[in-house]
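Enquirer: Structure file upload.txt (compact mmCIF, C-alpha atoms and all ligand atoms) is given on the next line.
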# COMPACT_ATOMS: atom_id res chain seq x y z
CA MET Y 1 0.00 0.00 0.00
CA ASP Y 2 1.42 3.35 -0.96
CA LEU Y 3 0.42 5.01 2.27
CA SER Y 4 3.27 7.30 2.96
CA ASN Y 5 6.15 8.56 0.93
CA GLU Y 6 6.48 7.77 -2.75
CA SER Y 7 10.23 8.28 -2.70
CA ASP Y 8 10.55 5.33 -0.28
CA ALA Y 9 9.54 3.10 -3.15
CA ILE Y 10 12.42 4.08 -5.41
CA LYS Y 11 15.39 4.51 -3.07
CA PRO Y 12 17.65 1.42 -3.20
CA VAL Y 13 18.06 -0.24 0.22
CA ALA Y 14 21.43 0.84 1.67
CA ASP Y 15 21.65 -1.67 4.55
CA PRO Y 16 18.65 -3.74 5.70
CA ALA Y 17 19.77 -3.35 9.34
CA THR Y 18 19.00 0.38 9.21
CA ASP Y 19 16.97 0.74 6.02
CA TYR Y 20 14.91 -2.42 5.34
CA ASP Y 21 11.92 -2.17 3.03
CA LEU Y 22 9.09 -4.71 3.13
CA LEU Y 23 8.05 -3.54 -0.33
CA ASP Y 24 11.50 -3.73 -1.93
CA LYS Y 25 11.52 -6.16 -4.87
CA SER Y 26 14.39 -8.27 -3.50
CA TYR Y 27 12.67 -8.58 -0.10
CA VAL Y 28 9.30 -9.41 -1.64
CA GLU Y 29 10.75 -12.03 -4.00
CA ASN Y 30 13.13 -13.71 -1.54
CA PRO Y 31 13.47 -12.38 2.02
CA LEU Y 32 15.34 -15.46 3.35
CA PRO Y 33 18.93 -14.13 2.93
CA ILE Y 34 17.90 -10.75 4.38
CA TRP Y 35 16.41 -12.41 7.49
CA ASP Y 36 19.53 -14.60 7.92
CA ASP Y 37 21.79 -11.59 7.71
CA LEU Y 38 19.69 -9.55 10.16
CA ARG Y 39 19.33 -12.39 12.66
CA GLN Y 40 23.11 -12.64 12.89
CA ARG Y 41 24.19 -9.04 13.06
CA CYS Y 42 21.14 -6.95 14.03
CA PRO Y 43 18.27 -9.00 15.39
CA ILE Y 44 16.05 -5.93 15.76
CA ALA Y 45 16.45 -3.89 12.61
CA HIS Y 46 15.16 -0.38 11.99
CA THR Y 47 13.98 1.61 9.01
CA GLU Y 48 12.80 5.16 8.41
CA ARG Y 49 10.77 4.06 5.40
CA TRP Y 50 6.97 4.09 5.25
CA GLY Y 51 6.69 6.06 8.46
CA GLY Y 52 9.47 4.15 10.25
CA SER Y 53 9.45 0.83 12.14
CA TRP Y 54 11.46 -1.75 14.10
CA MET Y 55 11.65 -5.37 12.94
CA PRO Y 56 12.69 -8.46 14.95
CA THR Y 57 13.64 -11.55 12.94
CA ARG Y 58 14.37 -14.12 15.69
CA TYR Y 59 11.64 -16.52 16.82
CA LYS Y 60 12.20 -15.74 20.52
CA ASP Y 61 11.97 -11.97 19.95
CA VAL Y 62 8.80 -12.16 17.86
CA GLN Y 63 7.26 -14.40 20.54
CA ALA Y 64 8.29 -12.06 23.38
CA LEU Y 65 7.18 -8.86 21.65
CA ALA Y 66 3.81 -10.33 20.62
CA ARG Y 67 3.13 -10.90 24.31
CA LYS Y 68 3.87 -7.33 25.39
CA VAL Y 69 0.19 -6.41 25.61
CA PRO Y 70 -0.91 -3.64 25.73
CA ILE Y 71 2.45 -1.80 25.94
CA LEU Y 72 2.83 -2.78 22.30
CA SER Y 73 -0.68 -1.90 21.22
CA SER Y 74 -2.74 -3.35 18.36
CA LEU Y 75 -4.89 -0.27 17.80
CA SER Y 76 -3.08 0.16 14.52
CA ASN Y 77 -2.34 -3.40 13.52
CA MET Y 78 -1.06 -2.80 10.00
CA ALA Y 79 2.57 -3.08 9.01
CA PHE Y 80 2.47 0.57 7.88
CA ASP Y 81 0.88 3.48 9.73
CA LEU Y 82 -1.67 5.55 7.86
CA PRO Y 83 -0.39 8.99 6.92
CA GLU Y 84 -1.54 11.78 9.21
CA GLY Y 85 -4.82 13.24 8.04
CA LEU Y 86 -6.23 9.87 7.02
CA ASN Y 87 -6.40 8.56 10.55
CA SER Y 88 -9.82 8.18 12.13
CA ASP Y 89 -11.44 5.88 14.67
CA LEU Y 90 -13.02 3.93 11.80
CA LEU Y 91 -9.56 3.15 10.39
CA THR Y 92 -7.71 2.29 13.59
CA GLY Y 93 -8.89 1.07 16.98
CA PRO Y 94 -11.78 -1.21 18.03
CA LYS Y 95 -14.33 0.19 15.56
CA ALA Y 96 -11.98 -0.43 12.65
CA GLY Y 97 -11.78 -4.20 12.98
CA ALA Y 98 -11.89 -5.66 16.47
CA PRO Y 99 -10.43 -7.89 17.78
CA ILE Y 100 -7.36 -7.44 15.54
CA SER Y 101 -7.29 -3.65 15.90
CA ALA Y 102 -8.13 -3.62 19.61
CA ASP Y 103 -6.44 -4.12 22.95
CA PRO Y 104 -8.18 -5.63 25.99
CA PRO Y 105 -10.91 -5.21 27.15
CA GLU Y 106 -12.54 -4.70 23.69
CA GLN Y 107 -10.24 -7.30 22.13
CA THR Y 108 -11.40 -9.91 24.66
CA TRP Y 109 -15.18 -9.66 24.21
CA THR Y 110 -15.09 -9.25 20.45
CA ARG Y 111 -12.78 -12.26 20.12
CA GLN Y 112 -15.05 -14.34 22.37
CA ALA Y 113 -17.98 -13.54 20.08
CA LEU Y 114 -16.07 -14.70 16.99
CA LEU Y 115 -14.57 -17.94 18.27
CA PRO Y 116 -17.71 -20.15 18.24
CA HIS Y 117 -18.15 -19.48 14.50
CA PHE Y 118 -14.66 -20.73 13.65
CA THR Y 119 -14.23 -23.86 15.75
CA ARG Y 120 -13.00 -27.02 14.01
CA THR Y 121 -16.56 -28.38 14.10
CA ALA Y 122 -18.09 -25.18 12.69
CA VAL Y 123 -15.51 -25.12 9.92
CA GLU Y 124 -16.18 -28.75 8.96
CA THR Y 125 -19.71 -27.75 7.96
CA GLN Y 126 -18.14 -25.62 5.19
CA ARG Y 127 -15.96 -28.40 3.76
CA SER Y 128 -18.35 -29.73 1.12
CA PHE Y 129 -19.22 -26.19 -0.03
CA THR Y 130 -15.47 -25.45 -0.32
CA GLU Y 131 -14.92 -28.68 -2.29
CA GLY Y 132 -17.73 -27.68 -4.66
CA VAL Y 133 -16.22 -24.24 -5.25
CA CYS Y 134 -12.83 -25.84 -6.04
CA GLU Y 135 -14.37 -28.28 -8.51
CA ASN Y 136 -16.26 -25.49 -10.31
CA LEU Y 137 -13.16 -23.33 -10.53
CA ILE Y 138 -11.06 -26.18 -11.92
CA ASP Y 139 -13.84 -26.99 -14.43
CA SER Y 140 -13.60 -23.40 -15.67
CA PHE Y 141 -9.98 -23.71 -16.86
CA ILE Y 142 -8.93 -27.37 -17.02
CA GLU Y 143 -9.74 -27.73 -20.72
CA ASP Y 144 -7.39 -24.82 -21.50
CA GLY Y 145 -4.38 -26.83 -20.30
CA ARG Y 146 -3.11 -23.78 -18.43
CA CYS Y 147 -4.24 -21.14 -15.93
CA ASP Y 148 -3.08 -18.48 -13.55
CA ALA Y 149 -3.33 -20.46 -10.32
CA ALA Y 150 -3.40 -17.23 -8.29
CA SER Y 151 -6.08 -15.14 -10.00
CA GLN Y 152 -8.17 -18.00 -11.45
CA TYR Y 153 -8.05 -20.36 -8.49
CA ALA Y 154 -6.74 -19.25 -5.07
CA GLU Y 155 -8.07 -15.69 -5.28
CA GLN Y 156 -11.51 -16.88 -6.40
CA LEU Y 157 -11.87 -19.55 -3.75
CA THR Y 158 -11.35 -17.77 -0.44
CA PRO Y 159 -13.84 -14.88 -0.97
CA GLN Y 160 -16.55 -17.31 -2.10
CA VAL Y 161 -16.17 -19.36 1.07
CA LEU Y 162 -16.25 -16.29 3.31
CA ILE Y 163 -19.25 -14.76 1.56
CA HIS Y 164 -21.01 -18.08 2.17
CA ILE Y 165 -20.04 -18.18 5.86
CA LEU Y 166 -21.12 -14.58 6.39
CA GLY Y 167 -24.51 -15.38 4.88
CA LEU Y 168 -24.34 -12.84 2.06
CA ASP Y 169 -26.11 -12.87 -1.26
CA LYS Y 170 -23.75 -14.14 -4.02
CA ASP Y 171 -24.07 -11.09 -6.30
CA ALA Y 172 -23.70 -8.55 -3.48
CA GLY Y 173 -20.77 -10.63 -2.30
CA ALA Y 174 -19.09 -10.31 -5.71
CA GLU Y 175 -19.24 -6.50 -5.56
CA LEU Y 176 -17.99 -6.54 -1.99
CA THR Y 177 -15.11 -8.83 -2.96
CA GLY Y 178 -14.13 -6.37 -5.69
CA TRP Y 179 -13.80 -3.58 -3.11
CA VAL Y 180 -11.86 -5.83 -0.74
CA ASN Y 181 -9.50 -6.84 -3.55
CA ASN Y 182 -8.95 -3.16 -4.35
CA LEU Y 183 -8.31 -2.49 -0.67
CA LEU Y 184 -5.73 -5.25 -0.57
CA ASP Y 185 -3.96 -3.96 -3.68
CA VAL Y 186 -0.48 -3.00 -2.55
CA GLY Y 187 -0.20 -0.22 -5.12
CA LEU Y 188 -3.11 1.68 -3.68
CA GLU Y 189 -2.82 5.30 -2.53
CA GLY Y 190 -3.96 6.18 0.99
CA THR Y 191 -7.01 8.18 -0.10
CA GLU Y 192 -8.18 5.41 -2.44
CA TRP Y 193 -7.66 2.91 0.36
CA THR Y 194 -9.96 4.84 2.69
CA ARG Y 195 -12.59 5.16 -0.08
CA TYR Y 196 -12.81 1.37 -0.44
CA TRP Y 197 -12.76 0.91 3.33
CA HIS Y 198 -15.80 3.19 3.66
CA LEU Y 199 -17.62 1.38 0.82
CA ILE Y 200 -17.06 -1.92 2.63
CA ARG Y 201 -18.17 -0.47 5.96
CA ASN Y 202 -21.30 1.07 4.46
CA PHE Y 203 -22.17 -2.27 2.90
CA PHE Y 204 -21.92 -4.05 6.24
CA ALA Y 205 -23.71 -1.24 8.11
CA LYS Y 206 -26.80 -1.89 5.94
CA GLU Y 207 -26.51 -5.65 6.47
CA VAL Y 208 -26.20 -5.23 10.26
CA GLN Y 209 -29.17 -2.82 10.46
CA ASN Y 210 -31.21 -5.25 8.40
CA ARG Y 211 -30.26 -8.25 10.60
CA ARG Y 212 -31.04 -6.31 13.77
CA ALA Y 213 -34.54 -5.72 12.46
CA TYR Y 214 -34.97 -9.15 10.84
CA PRO Y 215 -32.53 -11.68 12.36
CA ARG Y 216 -31.67 -14.76 10.28
CA ASN Y 217 -29.66 -17.83 11.07
CA ASP Y 218 -26.27 -16.57 9.92
CA PHE Y 219 -22.99 -15.09 11.08
CA ILE Y 220 -23.91 -11.41 10.65
CA SER Y 221 -27.20 -11.94 12.53
CA ALA Y 222 -25.36 -13.65 15.39
CA LEU Y 223 -22.91 -10.77 15.73
CA SER Y 224 -25.72 -8.23 15.35
CA GLN Y 225 -27.48 -9.81 18.35
CA ALA Y 226 -24.27 -10.31 20.41
CA LYS Y 227 -24.27 -8.63 23.81
CA PHE Y 228 -21.63 -7.33 26.17
CA GLY Y 229 -23.37 -7.52 29.54
CA GLU Y 230 -26.94 -6.36 28.89
CA GLU Y 231 -26.03 -4.19 25.90
CA LEU Y 232 -25.90 -5.14 22.24
CA PHE Y 233 -22.42 -4.63 20.74
CA PRO Y 234 -22.28 -1.09 19.28
CA GLU Y 235 -23.19 -1.16 15.58
CA GLU Y 236 -19.84 0.31 14.50
CA ILE Y 237 -18.00 -2.49 16.32
CA VAL Y 238 -20.11 -5.18 14.60
CA VAL Y 239 -19.54 -3.56 11.21
CA GLY Y 240 -15.77 -3.59 11.77
CA MET Y 241 -15.86 -7.22 12.95
CA CYS Y 242 -17.71 -8.29 9.79
CA ALA Y 243 -15.37 -6.37 7.48
CA LEU Y 244 -12.36 -7.83 9.28
CA GLN Y 245 -13.35 -11.39 8.34
CA LEU Y 246 -12.90 -10.56 4.67
CA VAL Y 247 -9.83 -8.40 5.06
CA ALA Y 248 -8.09 -10.91 7.37
CA GLY Y 249 -9.33 -14.09 5.74
CA ILE Y 250 -9.09 -13.58 1.99
CA ASP Y 251 -5.56 -12.72 0.88
CA THR Y 252 -3.84 -14.47 3.77
CA THR Y 253 -5.30 -17.83 2.79
CA TRP Y 254 -5.05 -17.31 -0.95
CA SER Y 255 -1.37 -16.33 -0.52
CA VAL Y 256 -0.58 -19.70 1.04
CA ILE Y 257 -2.56 -21.62 -1.62
CA SER Y 258 -0.82 -19.71 -4.44
CA SER Y 259 2.59 -20.14 -2.78
CA ALA Y 260 2.01 -23.87 -2.46
CA ILE Y 261 1.00 -24.29 -6.11
CA TRP Y 262 4.02 -22.19 -7.13
CA HIS Y 263 6.21 -24.38 -4.90
CA PHE Y 264 5.01 -27.67 -6.37
CA ALA Y 265 5.20 -26.29 -9.91
CA THR Y 266 8.83 -25.34 -9.38
CA HIS Y 267 9.90 -28.35 -7.24
CA GLN Y 268 8.98 -31.40 -9.25
CA ILE Y 269 10.32 -33.93 -6.73
CA ASP Y 270 8.04 -32.51 -4.04
CA ARG Y 271 5.11 -32.48 -6.50
CA GLN Y 272 5.67 -36.13 -7.38
CA ARG Y 273 5.95 -37.04 -3.72
CA MET Y 274 2.53 -35.51 -2.99
CA VAL Y 275 1.02 -37.34 -5.96
CA SER Y 276 2.33 -40.69 -4.77
CA ASP Y 277 1.71 -40.17 -1.03
CA PRO Y 278 -1.42 -38.11 -0.23
CA SER Y 279 -1.10 -39.14 3.44
CA LEU Y 280 1.48 -36.34 3.65
CA TRP Y 281 -1.12 -33.57 3.21
CA ASN Y 282 -1.44 -32.71 6.92
CA SER Y 283 2.27 -32.17 7.47
CA ALA Y 284 2.73 -30.68 3.98
CA VAL Y 285 0.09 -27.98 4.63
CA GLU Y 286 1.81 -27.07 7.93
CA GLU Y 287 5.13 -26.87 6.10
CA MET Y 288 3.63 -24.59 3.46
CA LEU Y 289 2.27 -22.39 6.27
CA ARG Y 290 5.72 -22.29 7.88
CA PHE Y 291 7.80 -21.78 4.77
CA TYR Y 292 5.45 -19.35 3.01
CA SER Y 293 3.92 -17.59 6.06
CA PRO Y 294 2.30 -14.49 4.62
CA VAL Y 295 1.53 -12.19 7.57
CA THR Y 296 3.72 -9.55 9.24
CA ALA Y 297 1.62 -7.66 11.82
CA GLY Y 298 2.20 -4.25 13.38
CA ARG Y 299 2.12 -2.84 16.90
CA ASN Y 300 2.72 0.64 18.29
CA ALA Y 301 4.55 1.33 21.55
CA LEU Y 302 2.31 3.12 24.06
CA GLU Y 303 5.21 4.00 26.33
CA GLU Y 304 9.00 3.92 26.30
CA THR Y 305 9.92 0.23 26.21
CA ALA Y 306 13.38 -1.33 26.34
CA TYR Y 307 13.92 -4.67 24.65
CA ALA Y 308 17.10 -6.48 23.55
CA GLY Y 309 19.24 -3.35 23.57
CA VAL Y 310 16.68 -1.23 21.72
CA ILE Y 311 14.42 1.46 23.20
CA PHE Y 312 11.04 1.84 21.52
CA GLN Y 313 9.68 5.35 21.94
CA PRO Y 314 5.94 6.03 22.40
CA GLY Y 315 4.29 5.77 18.98
CA ASP Y 316 7.06 3.67 17.43
CA LYS Y 317 5.86 0.96 15.06
CA VAL Y 318 7.13 -2.57 15.82
CA LEU Y 319 6.65 -5.28 13.22
CA LEU Y 320 5.93 -8.85 14.31
CA ASN Y 321 7.66 -10.67 11.48
CA PHE Y 322 6.08 -14.12 11.91
CA PRO Y 323 7.50 -15.30 8.53
CA ALA Y 324 11.09 -14.49 9.58
CA ALA Y 325 10.58 -16.25 12.93
CA ASN Y 326 9.47 -19.35 11.04
CA HIS Y 327 12.87 -19.52 9.31
CA ASP Y 328 14.95 -19.20 12.49
CA PRO Y 329 17.58 -21.99 12.55
CA GLU Y 330 17.53 -21.93 16.38
CA ILE Y 331 14.05 -23.45 16.22
CA PHE Y 332 13.75 -25.18 12.84
CA GLU Y 333 16.30 -27.66 11.54
CA ASP Y 334 17.34 -26.83 7.99
CA PRO Y 335 14.77 -23.97 7.91
CA HIS Y 336 15.21 -23.02 4.26
CA THR Y 337 14.33 -26.50 3.00
CA VAL Y 338 10.74 -27.57 2.52
CA ARG Y 339 10.32 -30.88 4.34
CA LEU Y 340 6.89 -32.22 3.48
CA ASP Y 341 6.98 -34.62 6.43
CA ARG Y 342 8.51 -32.16 8.94
CA GLU Y 343 7.73 -33.18 12.50
CA ASP Y 344 7.68 -30.81 15.48
CA ASN Y 345 6.69 -27.88 13.28
CA ARG Y 346 6.01 -25.16 15.87
CA HIS Y 347 5.48 -22.43 13.30
CA ILE Y 348 3.76 -19.18 14.24
CA ALA Y 349 2.21 -18.32 10.87
CA PHE Y 350 -1.07 -17.65 12.71
CA GLY Y 351 0.56 -15.40 15.30
CA VAL Y 352 0.99 -15.90 19.04
CA GLY Y 353 -0.64 -14.69 22.23
CA ILE Y 354 -4.03 -13.06 22.59
CA HIS Y 355 -4.36 -12.15 18.89
CA ARG Y 356 -3.64 -15.65 17.55
CA CYS Y 357 -5.69 -16.11 14.41
CA THR Y 358 -9.35 -16.99 15.05
CA GLY Y 359 -9.67 -18.25 11.45
CA LEU Y 360 -6.88 -20.83 11.61
CA HIS Y 361 -9.12 -23.92 11.35
CA LEU Y 362 -10.89 -22.37 8.39
CA ALA Y 363 -7.60 -21.46 6.72
CA ARG Y 364 -6.19 -24.96 7.21
CA MET Y 365 -9.36 -26.55 5.83
CA GLU Y 366 -9.41 -24.26 2.77
CA ILE Y 367 -5.72 -24.78 1.98
CA GLN Y 368 -6.01 -28.54 2.32
CA VAL Y 369 -9.21 -28.80 0.25
CA ALA Y 370 -7.81 -26.48 -2.44
CA LEU Y 371 -4.55 -28.42 -2.80
CA ARG Y 372 -6.11 -31.87 -2.66
CA ALA Y 373 -8.72 -30.92 -5.28
CA TRP Y 374 -6.01 -29.45 -7.51
CA PHE Y 375 -3.75 -32.52 -7.23
CA HIS Y 376 -6.69 -34.84 -7.84
CA ARG Y 377 -7.60 -33.17 -11.14
CA ILE Y 378 -4.21 -31.71 -12.15
CA PRO Y 379 -1.44 -33.93 -10.80
CA ASN Y 380 1.13 -32.92 -13.44
CA PHE Y 381 1.93 -29.25 -13.76
CA THR Y 382 4.79 -26.87 -14.16
CA ILE Y 383 5.37 -23.09 -14.32
CA GLU Y 384 4.64 -21.84 -17.82
CA ASP Y 385 6.82 -18.74 -17.63
CA PRO Y 386 8.96 -18.13 -14.51
CA GLU Y 387 9.45 -14.48 -15.55
CA ALA Y 388 5.69 -13.88 -15.38
CA VAL Y 389 5.40 -14.90 -11.71
CA ILE Y 390 4.62 -11.82 -9.60
CA TRP Y 391 5.09 -11.67 -5.83
CA ALA Y 392 3.37 -9.03 -3.72
CA GLY Y 393 4.59 -7.92 -0.30
CA GLY Y 394 3.88 -5.67 2.64
CA GLY Y 395 1.79 -6.91 5.55
CA THR Y 396 0.80 -9.97 3.50
CA ARG Y 397 3.31 -11.60 1.16
CA GLY Y 398 2.49 -14.08 -1.57
CA PRO Y 399 2.42 -14.62 -5.34
CA ARG Y 400 -0.23 -12.73 -7.31
CA CYS Y 401 0.42 -14.35 -10.69
CA VAL Y 402 1.34 -18.05 -11.00
CA PRO Y 403 1.03 -19.10 -14.67
CA VAL Y 404 0.82 -22.88 -14.69
CA LEU Y 405 0.88 -25.37 -17.58
CA PHE Y 406 -0.76 -28.77 -17.13
CA THR Y 407 1.50 -31.46 -18.59
C1 LIG D 501 -3.31 -18.84 5.96
C2 LIG D 501 -4.23 -17.99 6.36
C3 LIG D 501 -4.09 -17.06 7.52
C4 LIG D 501 -2.96 -16.59 8.13
C5 LIG D 501 -1.52 -16.92 7.82
C6 LIG D 501 -3.40 -15.72 9.21
C7 LIG D 501 -2.55 -15.08 10.08
C8 LIG D 501 -2.96 -14.32 11.14
C9 LIG D 501 -2.08 -13.71 12.10
C10 LIG D 501 -0.56 -13.74 12.06
C11 LIG D 501 -2.84 -13.09 13.04
C12 LIG D 501 -2.35 -12.32 14.25
C13 LIG D 501 -2.22 -10.87 13.93
C14 LIG D 501 -1.64 -10.07 15.06
O1 LIG D 501 -0.99 -10.60 15.95
O2 LIG D 501 -1.82 -8.84 15.02
C15 LIG D 501 -4.23 -13.30 12.66
C16 LIG D 501 -5.30 -12.81 13.37
C17 LIG D 501 -6.61 -12.92 12.93
N1 LIG D 501 -7.06 -13.64 11.85
FE1 LIG D 501 -5.95 -14.74 10.59
N2 LIG D 501 -4.77 -15.67 9.21
C18 LIG D 501 -5.23 -16.47 8.21
C19 LIG D 501 -6.55 -16.71 7.87
C20 LIG D 501 -7.63 -16.17 8.50
C21 LIG D 501 -9.01 -16.45 8.19
C22 LIG D 501 -9.49 -17.42 7.11
C23 LIG D 501 -9.78 -15.68 9.03
C24 LIG D 501 -11.28 -15.57 9.16
C25 LIG D 501 -12.11 -15.52 8.25
C26 LIG D 501 -8.89 -14.94 9.87
C27 LIG D 501 -9.27 -14.06 10.84
C28 LIG D 501 -8.42 -13.50 11.78
C29 LIG D 501 -8.88 -12.65 12.87
C30 LIG D 501 -10.33 -12.23 13.15
C31 LIG D 501 -7.73 -12.30 13.60
C32 LIG D 501 -7.67 -11.42 14.84
C33 LIG D 501 -7.69 -12.25 16.10
C34 LIG D 501 -7.53 -11.37 17.35
O3 LIG D 501 -7.03 -10.26 17.23
O4 LIG D 501 -7.93 -11.82 18.44
N3 LIG D 501 -7.58 -15.26 9.52
N4 LIG D 501 -4.27 -14.06 11.52
Once more with this new file: its structure as structure tokens, please.
Expert:
Amino acid sequence: MDLSNESDAIKPVADPATDYDLLDKSYVENPLPIWDDLRQRCPIAHTERWGGSWMPTRYKDVQALARKVPILSSLSNMAFDLPEGLNSDLLTGPKAGAPISADPPEQTWTRQALLPHFTRTAVETQRSFTEGVCENLIDSFIEDGRCDAASQYAEQLTPQVLIHILGLDKDAGAELTGWVNNLLDVGLEGTEWTRYWHLIRNFFAKEVQNRRAYPRNDFISALSQAKFGEELFPEEIVVGMCALQLVAGIDTTWSVISSAIWHFATHQIDRQRMVSDPSLWNSAVEEMLRFYSPVTAGRNALEETAYAGVIFQPGDKVLLNFPAANHDPEIFEDPHTVRLDREDNRHIAFGVGIHRCTGLHLARMEIQVALRAWFHRIPNFTIEDPEAVIWAGGGTRGPRCVPVLFT
């Protein structure tokens, strides 16, 4: 997202220890050597770019900093702060998208209201719908002998499942998904970003008002009727919670699905192994989540805080680089190798502490269903043109174009 200073995007990175750039092409395409370098000589790096931030790369530091609640606050959870002038309480804080953009106590009661909808059992009820969506998508391109596995498969799947879970009309859902996709576009200017955010909020405001008057048996109705003590949740909180499901659940999951298809298309031995031994899918999905973790979250220091030789000043942005932590050799043997049968895979792709992802069962189910369905129908595939593969970065990293040829 182009939220701050355009010149940040064109300055070459001098030294990642003092000038890292999550949007720099070399970081976006392959951050592994940068993380290795930083872990050894500057475990908590700093940059002035995009409003400035600090970035730990060791597993133990990411774990420790994620637990500094609320001194490291989630009110602005993004990897980049919004430029001054765009900030409002609908863009940061509990109304924006609790629980992710909230600290306790709001984080606690909003999270509690979400959890029952995303248990393993609740998610299982969506499996056959998800399988159907995958089959339809594959039907739409299999005869062509090629497709873009990102835009024609992964990016189509996850919004359809969420629209279904939320209980939204399919056509309205398609328009909504368009706005969310625009919002998630990393090239977007700050003012455009807020325009889409308000469109999405207005959409959900109408849905919530409607469900308060005429409750149905769906997710939005349940949140619309949720109470804190004797009081219904404020409407603006419910609107933010609904919007968050799309913003947090769409591109995160599609990034891992696209990364996995890219991985198997470029690592033929791994692809063949999955074809011949589908019992590996559980551990293989966890390994994809570890190796291709998409999410780096943000926090802001509320007060002066010393940690590992660094002093965060009030307002400083601190990035929780879960992907870098998942490649720490202190924790993971041979971290830069994909081991489809890796045991003891304590990855933190879904975060740690009080904000740990509420959608993790859904994400795991979607990734597994998407990859199994793909391998069932398209077991032999390769990258059509490696030069055409496009990776996107920022708070969520993953491939946005994966041109695949079925062989
Ligand atoms: C592979 C897919 C996914 C990944 C890697 C992922 C990752 C994460 C991470 C790292 C966090 C913690 C953020 C922080 O500490 O600030 C988080 C939180 C969250 N995620 Fe996910 N996520 C995924 C899918 C989903 C899905 C499918 C949903 C729901 C539809 C979802 C909903 C949420 C919510 C609501 C939170 C906030 C929880 C809280 O603050 O208490 N995520 N996710």
Enquirer: I'd like to know which of Y:Asp171, Y:Asp328, Y:Asp24, Y:Glu124 is closest to Gln40 of chain Y, using only C-alpha atoms.
Expert: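 Result for the nearest residue to Gln40 of chain Y: Y:Asp328.
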Enquirer: Please write as a ChimeraX atom specification the list of polymer residues whose atoms come within 12 Å of (0.3, -22.6, 3.7), counting only C-alpha atoms and keeping to the coordinates of the file.
Expert: /Y:154,251-263,281-295,323,338,340,347-350,360,363-371,397-398
Enquirer: At a cut-off of 7 Å around ligand LIG 501 (chain D), and using all atoms listed in the file, what residues come up? Please write them as a PyMOL selection string.
Expert: chain Y and resi 66+74+77+98-101+107+111+162+244-246+248-250+252-253+256+289+293-298+322+349-352+354-360+362-364
Enquirer: Using only C-alpha atoms, which protein or nucleic acid residues come within 9 Å of Gly240 of chain Y? Drop anything in the same chain fewer than 2 positions from it, and give the result as JSON, numbers by chain.
Expert: {"Y": [90, 94, 95, 96, 97, 98, 201, 204, 235, 236, 237, 238, 242, 243, 244, 245]}
Enquirer: Could you state the separation of atom CA of Gly173 of chain Y and atom CA of Leu114 of chain Y in Å, given to one decimal place?
Expert: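 Interatomic distance here is 20.3 Å.
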Enquirer: So that all listed atoms of segment 203-206 of chain Y fit with 8 Å spare on each side, what axis-aligned box centre and edge lengths in Å, to one decimal, would you give as AutoDock Vina command-line options?
Expert:
--center_x -24.4 --center_y -2.6 --center_z 5.5 --size_x 20.9 --size_y 18.8 --size_z 21.2
Enquirer: When you draw a straight line from atom CA of Leu91 of chain Y to atom CA of Asp185 of chain Y, how long is it in Å?
Expert: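 One can read the atom CA of Leu91 of chain Y to atom CA of Asp185 of chain Y distance as 16.7 Å.
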Enquirer: Which polymer residues, whether protein, DNA or RNA, lie within 12 Å of the coordinate (3.4, -4.7, 26.1) when you count all atoms listed in the file? List them as JSON, numbers by chain, using the chain letters and numbers from the file.
Expert: {"Y": [63, 64, 65, 66, 67, 68, 69, 70, 71, 72, 73, 74, 103, 104, 299, 300, 301, 302, 303, 304, 305, 306, 307, 312, 314, 318, 353, 354]}
Enquirer: Skipping near chain neighbours, those fewer than 4 positions away, what residues fall within 9 Å of Cys42 of chain Y using all atoms listed in the file, listed as an MDAnalysis selection string?
Expert: chainID Y and resid 17 37:38 56:57
Enquirer: How many Å lie between atom CA of Val208 of chain Y and atom CA of Ser221 of chain Y, rounded to one decimal?
Expert: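 Taking atom CA of Val208 of chain Y and atom CA of Ser221 of chain Y, their separation equals 7.2 Å.
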Enquirer: Of the residues Y:Tyr59, Y:Pro12, Y:Thr110, Y:Glu48, which is the one nearest to Phe228 of chain Y, using only C-alpha atoms?
Expert: Y:Thr110
Enquirer: Residues within 12 Å of His46 of chain Y, please, as a ChimeraX atom specification. Count all atoms listed in the file; anything in the same chain fewer than 3 positions from it doesn't count.
Expert: /Y:15-22,38,42-43,49-57,310-312,316-319
Enquirer: Which residue gives the smallest distance to Phe406 of chain Y among Y:Arg346, Y:Arg41, Y:Arg146, Y:Arg120, with all atoms listed in the file counted?
Expert: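 For Phe406 of chain Y, the nearest of the candidates is Y:Arg146.
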Enquirer: Just checking: using only C-alpha atoms, which residue out of Y:Ile383, Y:Glu330, Y:His361, Y:Thr108 ends up closest to Val123 of chain Y?
Expert: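 Ranking Y:Ile383, Y:Glu330, Y:His361, Y:Thr108 by distance to Val123 of chain Y, first place goes to Y:His361.
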Enquirer: Counting only C-alpha atoms, which of Y:Ala265, Y:Leu223, Y:Leu75, Y:Ala392 gets nearest to Gly315 of chain Y?
Expert: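 Going through Y:Ala265, Y:Leu223, Y:Leu75, Y:Ala392 one by one, the smallest distance to Gly315 of chain Y is for Y:Leu75.
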Enquirer: Show me, as JSON, numbers by chain, the residues that have an atom within 12 Å of Gly145 of chain Y when counting all atoms listed in the file, minus same-chain residues fewer than 6 positions from it.
Expert: {"Y": [138, 139, 377, 378, 380, 381, 382, 384, 403, 404, 405, 406, 407]}
